[in-house]
Amino acid sequence: MKAIERLLKYVSVHTTSDEAAQTRPSSQGQLHLARLLADEMRDLGLRDVRISEYGYVYGYLAATAGYEQCPKVGFIAHMDTSPDGKGSDIKPQIIKDYDGGPVTLPGTGLVLSPERFPHLPSLQGSTLVTTDGTTLLGADDKAGIAEIMTACEILVREKIPHGRVCIGFTPDEEIGKGADYFDVAGYGADFAFTMDGGPEGELEYENFNAAEASVEVQGVAVHPGTAKGIMVNALTVACAFNSLLPAWETPAHTEGYEGFYYLRKLEGNPEQARMTYSLRDHDSDELAARKHKLLQAAETLNEQYGPETIKLKIEDRYRNMADIVRQHSHLIDSARAAMRQVGIDPLIKPMRGGTDGATLSYKGLPCPNLGTGGYAYHGVMEHITAESMARCTNMIVALVGHYTRMRSES
């Protein structure tokens, strides 16, 4: 089965993660996909296939006879889709021999245009897969899953010699919980790669340090006709809080190594309001400064409106993996070599986000991130091509071959 065919099968399973849930995984659809993947892994001949109590899926391809001493390489992808968009009732639009021009998304009439996405003309001649404009596509990260599974099928079908290849699929990565209960020791890899990037060729081993902040605003609601000197409008206070943060340090105005404050959610009424922020920075000291900026804003407004008006809670999510991965430079060199072997130009760049690999690297499993061939993740403009997925699949096979040769030549 081709990787694109697997993707289209996997996106039919609703796996949106739920930030408010207290269970792990946070949504039942992830368990549905976990069971589907476990059955498929067994059919492909993977061993020790299991689903943990938290919804993680593990298994491995046993080393070919004579290659047992090769490094044990792992590949990881996540099963959930982002709560930033609708992940159910997905209706992919498949465009064969794409002409490189504008594409109308039939569910809404929105247009996927080269003006907004300048890379589109470079996809001319490919089989393009888009959404219908009403949902996410789910290629983040079901494209990664599909490519890993297809690579395993190729290794088995074509009887390509290899060392042990460890596979892991995680729940709840999109809500920052994907590596919380990952069984590094039981997984059994010496190192791994997450297949969770964007365009093919992405090689990321630097990521944001990340924290999440919740801001609860308690107002005083009374009839507006008699509100003078009494009312404290929680919505107005929430807007004031946001105005105390640097206006140009948001995702829409930053790039590269620049960090940001990201107001992800604002809800409420004049009596109570709540905001959720993502804080991101590659430099840990700069992230600490962003946390302090939020504390200052809360103190300022509590002095103005009363000591219990703002309640602020900040939680760390993940750390920059760079310090760990740089100690294992073969991961970067091997990924570059595998990409070039299959006709992909490596694109090394800092990740403006995070993956399970960031946390796993600090748990003893060095784990850079590789692109899966997709674009515009977390929105209705999400798209990917069958050809990019095929090249990324071949890249995985080439990576396995690289570590097989590394030991057999030593």
# chains A, B, ... in the order shown; residues from 1 in each chain; ligands from 1
>>> residues_around(residues="Met79 of chain A", least_positions_apart="5", cutoff="9 Å", atoms="only C-alpha atoms", output="compact mmCIF listing (two decimals) with N, CA and C atoms, in the first residue's frame")
# COMPACT_ATOMS: atom_id res chain seq x y z
N THR A 15 -9.44 11.93 15.62
CA THR A 15 -8.48 11.77 16.73
C THR A 15 -8.09 13.11 17.35
N THR A 16 -8.95 14.09 17.28
CA THR A 16 -8.63 15.38 17.89
C THR A 16 -8.37 15.22 19.38
N GLN A 30 -8.48 8.33 19.47
CA GLN A 30 -7.07 7.96 19.41
C GLN A 30 -6.87 6.47 19.71
N LEU A 33 -7.76 4.57 16.54
CA LEU A 33 -6.65 4.54 15.59
C LEU A 33 -5.52 3.66 16.10
N ALA A 34 -5.27 3.69 17.41
CA ALA A 34 -4.21 2.84 17.99
C ALA A 34 -4.47 1.37 17.68
N ASP A 140 -0.91 16.22 9.74
CA ASP A 140 -0.16 16.41 10.97
C ASP A 140 -0.86 15.64 12.07
N ASP A 141 -0.49 14.40 12.36
CA ASP A 141 0.74 13.79 11.90
C ASP A 141 0.46 12.42 11.29
N LYS A 142 -0.72 12.27 10.68
CA LYS A 142 -1.03 10.97 10.10
C LYS A 142 -0.21 10.71 8.84
N ILE A 145 2.73 8.90 10.31
CA ILE A 145 2.37 7.51 10.59
C ILE A 145 2.37 6.70 9.30
N PHE A 169 3.93 5.11 18.24
CA PHE A 169 2.92 6.11 17.90
C PHE A 169 2.34 6.63 19.21
N THR A 170 2.30 7.95 19.33
CA THR A 170 1.94 8.58 20.60
C THR A 170 0.60 9.31 20.52
N PRO A 171 -0.11 9.42 21.63
CA PRO A 171 -1.31 10.24 21.70
C PRO A 171 -0.97 11.64 22.23
N ASP A 172 -1.84 12.59 21.98
CA ASP A 172 -1.87 13.87 22.69
C ASP A 172 -0.64 14.74 22.52
N GLU A 173 0.09 14.57 21.42
CA GLU A 173 1.24 15.45 21.17
C GLU A 173 0.80 16.89 20.99
>>> residues_around(residues="Thr131 of chain A", least_positions_apart="3", cutoff="9 Å", atoms="only C-alpha atoms", output="list in words")
Ile90, Lys91, Pro92, Gln93, Ile94, Leu105, Pro106, Gly107, Thr134, Thr135, Leu136, Leu137, Val380, Met381, Glu382 and His383 of chain A
>>> atom_distance(atom1="atom CA of Thr130 of chain A", atom2="atom CA of Ser17 of chain A")
21.4 Å
>>> atom_distance(atom1="atom CA of Gly256 of chain A", atom2="atom CA of Asn242 of chain A")
23.5 Å
>>> residues_around(residues="segment 150-165 of chain A", least_positions_apart="2", cutoff="7 Å", atoms="only C-alpha atoms", output="PDB file with N, CA and C atoms, in the first residue's frame")
ATOM      1  N   MET A   1       0.850  -1.190   0.000  1.00  0.00           N
ATOM      2  CA  MET A   1       0.000   0.000   0.000  1.00  0.00           C
ATOM      3  C   MET A   1       0.893   1.251   0.000  1.00  0.00           C
ATOM      4  N   LYS A   2       0.527   2.280  -0.751  1.00  0.00           N
ATOM      5  CA  LYS A   2       1.284   3.518  -0.792  1.00  0.00           C
ATOM      6  C   LYS A   2       1.000   4.360   0.445  1.00  0.00           C
ATOM      7  N   ALA A   3       1.938   5.252   0.756  1.00  0.00           N
ATOM      8  CA  ALA A   3       1.775   6.103   1.934  1.00  0.00           C
ATOM      9  C   ALA A   3       0.535   6.982   1.805  1.00  0.00           C
ATOM     10  N   LEU A  44       1.999  -6.725   9.175  1.00  0.00           N
ATOM     11  CA  LEU A  44       3.262  -6.466   8.482  1.00  0.00           C
ATOM     12  C   LEU A  44       4.413  -7.294   9.054  1.00  0.00           C
ATOM     13  N   TYR A  60       8.223  -3.538  16.878  1.00  0.00           N
ATOM     14  CA  TYR A  60       9.520  -3.439  16.204  1.00  0.00           C
ATOM     15  C   TYR A  60       9.634  -4.484  15.111  1.00  0.00           C
ATOM     16  N   LEU A  61      10.433  -4.139  14.106  1.00  0.00           N
ATOM     17  CA  LEU A  61      10.864  -5.103  13.104  1.00  0.00           C
ATOM     18  C   LEU A  61      12.138  -5.737  13.630  1.00  0.00           C
ATOM     19  N   ALA A  62      12.146  -7.055  13.760  1.00  0.00           N
ATOM     20  CA  ALA A  62      13.333  -7.748  14.242  1.00  0.00           C
ATOM     21  C   ALA A  62      14.466  -7.600  13.233  1.00  0.00           C
ATOM     22  N   ALA A  63      15.689  -7.550  13.735  1.00  0.00           N
ATOM     23  CA  ALA A  63      16.852  -7.427  12.865  1.00  0.00           C
ATOM     24  C   ALA A  63      16.967  -8.630  11.930  1.00  0.00           C
ATOM     25  N   THR A  64      17.358  -8.367  10.713  1.00  0.00           N
ATOM     26  CA  THR A  64      17.670  -9.439   9.776  1.00  0.00           C
ATOM     27  C   THR A  64      18.818 -10.283  10.349  1.00  0.00           C
ATOM     28  N   TYR A  67      22.481  -9.139  11.342  1.00  0.00           N
ATOM     29  CA  TYR A  67      22.534  -7.694  11.533  1.00  0.00           C
ATOM     30  C   TYR A  67      22.059  -7.286  12.933  1.00  0.00           C
ATOM     31  N   GLU A  68      22.108  -8.231  13.850  1.00  0.00           N
ATOM     32  CA  GLU A  68      21.594  -7.973  15.196  1.00  0.00           C
ATOM     33  C   GLU A  68      22.403  -6.904  15.931  1.00  0.00           C
ATOM     34  N   CYS A  70      23.572  -4.122  14.669  1.00  0.00           N
ATOM     35  CA  CYS A  70      23.381  -2.772  14.124  1.00  0.00           C
ATOM     36  C   CYS A  70      22.733  -1.870  15.165  1.00  0.00           C
ATOM     37  N   PRO A  71      22.963  -0.563  15.087  1.00  0.00           N
ATOM     38  CA  PRO A  71      22.249   0.349  15.984  1.00  0.00           C
ATOM     39  C   PRO A  71      20.744   0.168  15.844  1.00  0.00           C
ATOM     40  N   LYS A  72      20.051   0.280  16.957  1.00  0.00           N
ATOM     41  CA  LYS A  72      18.590   0.133  16.958  1.00  0.00           C
ATOM     42  C   LYS A  72      17.977   1.524  16.749  1.00  0.00           C
ATOM     43  N   VAL A  73      17.436   1.744  15.548  1.00  0.00           N
ATOM     44  CA  VAL A  73      16.900   3.049  15.183  1.00  0.00           C
ATOM     45  C   VAL A  73      15.382   3.051  15.345  1.00  0.00           C
ATOM     46  N   GLY A  74      14.845   4.157  15.816  1.00  0.00           N
ATOM     47  CA  GLY A  74      13.410   4.268  16.029  1.00  0.00           C
ATOM     48  C   GLY A  74      12.780   5.361  15.185  1.00  0.00           C
ATOM     49  N   ALA A 146       1.736   7.240   8.262  1.00  0.00           N
ATOM     50  CA  ALA A 146       1.612   6.519   6.990  1.00  0.00           C
ATOM     51  C   ALA A 146       2.979   6.244   6.380  1.00  0.00           C
ATOM     52  N   GLU A 147       3.879   7.205   6.481  1.00  0.00           N
ATOM     53  CA  GLU A 147       5.215   7.019   5.904  1.00  0.00           C
ATOM     54  C   GLU A 147       6.012   5.968   6.679  1.00  0.00           C
ATOM     55  N   ILE A 148       5.904   5.978   7.991  1.00  0.00           N
ATOM     56  CA  ILE A 148       6.601   4.969   8.799  1.00  0.00           C
ATOM     57  C   ILE A 148       6.070   3.576   8.482  1.00  0.00           C
ATOM     58  N   ILE A 167       9.273   1.115  16.387  1.00  0.00           N
ATOM     59  CA  ILE A 167       8.178   1.989  15.963  1.00  0.00           C
ATOM     60  C   ILE A 167       7.379   2.411  17.191  1.00  0.00           C
ATOM     61  N   THR A 393       8.930   8.574   2.627  1.00  0.00           N
ATOM     62  CA  THR A 393       8.955   7.140   2.937  1.00  0.00           C
ATOM     63  C   THR A 393      10.291   6.533   2.539  1.00  0.00           C
ATOM     64  N   ASN A 394      10.749   6.852   1.340  1.00  0.00           N
ATOM     65  CA  ASN A 394      12.031   6.324   0.873  1.00  0.00           C
ATOM     66  C   ASN A 394      13.187   6.836   1.733  1.00  0.00           C
ATOM     67  N   ILE A 396      13.062   7.283   4.958  1.00  0.00           N
ATOM     68  CA  ILE A 396      13.097   6.418   6.144  1.00  0.00           C
ATOM     69  C   ILE A 396      13.838   5.127   5.820  1.00  0.00           C
ATOM     70  N   VAL A 397      13.508   4.538   4.671  1.00  0.00           N
ATOM     71  CA  VAL A 397      14.181   3.302   4.255  1.00  0.00           C
ATOM     72  C   VAL A 397      15.681   3.548   4.107  1.00  0.00           C
ATOM     73  N   VAL A 400      17.361   3.747   7.543  1.00  0.00           N
ATOM     74  CA  VAL A 400      17.575   2.404   8.081  1.00  0.00           C
ATOM     75  C   VAL A 400      18.798   1.768   7.413  1.00  0.00           C
ATOM     76  N   GLY A 401      18.889   1.909   6.101  1.00  0.00           N
ATOM     77  CA  GLY A 401      20.022   1.351   5.385  1.00  0.00           C
ATOM     78  C   GLY A 401      21.343   1.966   5.808  1.00  0.00           C
ATOM     79  N   THR A 404      22.369   0.402   8.970  1.00  0.00           N
ATOM     80  CA  THR A 404      22.741  -0.996   8.709  1.00  0.00           C
ATOM     81  C   THR A 404      24.162  -1.061   8.160  1.00  0.00           C
TER      82      THR A 404
END
>>> closest_atom_pairs(of="segment 175-232 of chain A", to="segment 319-339 of chain A", cutoff="6 Å", atoms="only C-alpha atoms", output="CSV")
residue,atom,partner,partner_atom,distance
A:Tyr205,CA,A:Ala322,CA,5.5
A:Glu206,CA,A:Ala322,CA,4.7
A:Asn207,CA,A:Asn320,CA,4.9
A:Phe208,CA,A:Asn320,CA,5.4
A:Asn209,CA,A:Arg319,CA,4.3
>>> write_last_selection(atoms="N, CA and C atoms", output="short mmCIF file (atom, residue, chain, number, x, y, z; two decimals), in the first residue's frame")
data_model
loop_
_atom_site.label_atom_id
_atom_site.label_comp_id
_atom_site.auth_asym_id
_atom_site.auth_seq_id
_atom_site.Cartn_x
_atom_site.Cartn_y
_atom_site.Cartn_z
N TYR A 205 16.53 20.09 14.73
CA TYR A 205 17.03 19.60 16.01
C TYR A 205 17.15 20.73 17.03
N GLU A 206 16.61 21.88 16.69
CA GLU A 206 16.45 22.99 17.62
C GLU A 206 14.97 23.34 17.67
N ASN A 207 14.41 23.42 18.83
CA ASN A 207 13.00 23.74 18.95
C ASN A 207 12.79 24.77 20.06
N PHE A 208 11.60 25.28 20.13
CA PHE A 208 11.28 26.23 21.19
C PHE A 208 11.33 25.57 22.57
N ASN A 209 11.74 26.36 23.57
CA ASN A 209 11.32 26.08 24.93
C ASN A 209 9.89 26.58 25.03
#
>>> select_by_dssp(residues="segment 261-379 of chain A", states="strand (DSSP E or B)", output="number ranges by chain")
A: 261-268, 272-281, 310-318, 347-348, 351, 369-371, 374-375
>>> write_last_selection(atoms="C-alpha atoms", output="tab-separated table (two decimals), in the first residue's frame")
chain	number	residue	atom	x	y	z
A	261	TYR	CA	3.34	35.38	23.00
A	262	TYR	CA	0.42	33.55	21.38
A	263	LEU	CA	-3.09	34.27	22.63
A	264	ARG	CA	-4.74	30.98	21.75
A	265	LYS	CA	-8.09	31.36	23.44
A	266	LEU	CA	-10.27	34.13	24.89
A	267	GLU	CA	-13.69	33.36	26.27
A	268	GLY	CA	-16.04	34.71	28.89
A	272	GLN	CA	-15.61	36.10	34.24
A	273	ALA	CA	-13.12	35.65	31.43
A	274	ARG	CA	-10.28	33.29	30.66
A	275	MET	CA	-7.35	33.50	28.30
A	276	THR	CA	-4.84	30.87	27.27
A	277	TYR	CA	-1.37	31.81	26.07
A	278	SER	CA	1.45	29.84	24.53
A	279	LEU	CA	4.89	31.25	25.37
A	280	ARG	CA	7.75	30.23	23.09
A	281	ASP	CA	11.46	31.01	22.80
A	310	ILE	CA	-6.27	38.28	37.83
A	311	LYS	CA	-5.17	34.74	38.62
A	312	LEU	CA	-2.22	33.58	36.55
A	313	LYS	CA	-0.92	30.01	36.19
A	314	ILE	CA	2.13	29.12	34.09
A	315	GLU	CA	3.26	25.58	33.28
A	316	ASP	CA	6.37	24.46	31.37
A	317	ARG	CA	5.70	22.09	28.47
A	318	TYR	CA	8.96	21.14	26.73
A	347	LEU	CA	16.65	22.08	4.90
A	348	ILE	CA	18.07	22.56	8.37
A	351	MET	CA	11.65	24.43	14.68
A	369	ASN	CA	12.52	15.80	13.72
A	370	LEU	CA	12.06	15.18	9.98
A	371	GLY	CA	9.60	16.64	7.47
A	374	GLY	CA	2.95	18.73	4.14
A	375	TYR	CA	2.09	22.41	4.39
>>> select_by_dssp(residues="segment 324-401 of chain A", states="helix (DSSP H, G or I)", output="MDAnalysis selection string")
chainID A and resid 324:328 330:341 356:362 386:401
>>> write_last_selection(atoms="C-alpha atoms", output="mmCIF file, in the first residue's frame")
data_model
loop_
_atom_site.group_PDB
_atom_site.id
_atom_site.type_symbol
_atom_site.label_atom_id
_atom_site.label_comp_id
_atom_site.auth_asym_id
_atom_site.auth_seq_id
_atom_site.Cartn_x
_atom_site.Cartn_y
_atom_site.Cartn_z
ATOM 1 C CA ILE A 324 21.063 16.835 23.574
ATOM 2 C CA VAL A 325 21.013 16.163 19.837
ATOM 3 C CA ARG A 326 24.270 18.023 19.223
ATOM 4 C CA GLN A 327 25.953 15.369 21.367
ATOM 5 C CA HIS A 328 24.854 12.808 18.743
ATOM 6 C CA HIS A 330 25.575 11.264 13.551
ATOM 7 C CA LEU A 331 21.799 11.793 13.654
ATOM 8 C CA ILE A 332 22.101 15.014 11.681
ATOM 9 C CA ASP A 333 24.727 13.640 9.303
ATOM 10 C CA SER A 334 22.745 10.448 8.658
ATOM 11 C CA ALA A 335 19.491 12.313 8.002
ATOM 12 C CA ARG A 336 21.228 14.597 5.507
ATOM 13 C CA ALA A 337 22.784 11.630 3.704
ATOM 14 C CA ALA A 338 19.466 9.742 3.546
ATOM 15 C CA MET A 339 17.677 12.779 2.116
ATOM 16 C CA ARG A 340 20.243 13.305 -0.601
ATOM 17 C CA GLN A 341 20.157 9.608 -1.448
ATOM 18 C CA ASP A 356 7.557 14.568 21.238
ATOM 19 C CA GLY A 357 11.241 14.345 20.392
ATOM 20 C CA ALA A 358 12.028 17.431 22.447
ATOM 21 C CA THR A 359 10.911 15.767 25.672
ATOM 22 C CA LEU A 360 12.141 12.314 24.653
ATOM 23 C CA SER A 361 15.628 13.695 24.047
ATOM 24 C CA TYR A 362 15.757 14.736 27.693
ATOM 25 C CA ALA A 386 1.539 11.907 -2.819
ATOM 26 C CA GLU A 387 4.989 12.340 -4.335
ATOM 27 C CA SER A 388 6.375 14.121 -1.270
ATOM 28 C CA MET A 389 5.049 11.370 0.948
ATOM 29 C CA ALA A 390 6.684 8.744 -1.267
ATOM 30 C CA ARG A 391 10.053 10.495 -1.054
ATOM 31 C CA CYS A 392 9.769 10.845 2.725
ATOM 32 C CA THR A 393 8.955 7.140 2.937
ATOM 33 C CA ASN A 394 12.031 6.324 0.873
ATOM 34 C CA MET A 395 14.059 8.593 3.156
ATOM 35 C CA ILE A 396 13.097 6.418 6.144
ATOM 36 C CA VAL A 397 14.181 3.302 4.255
ATOM 37 C CA ALA A 398 17.454 5.019 3.356
ATOM 38 C CA LEU A 399 18.030 6.000 6.983
ATOM 39 C CA VAL A 400 17.575 2.404 8.081
ATOM 40 C CA GLY A 401 20.022 1.351 5.385
#
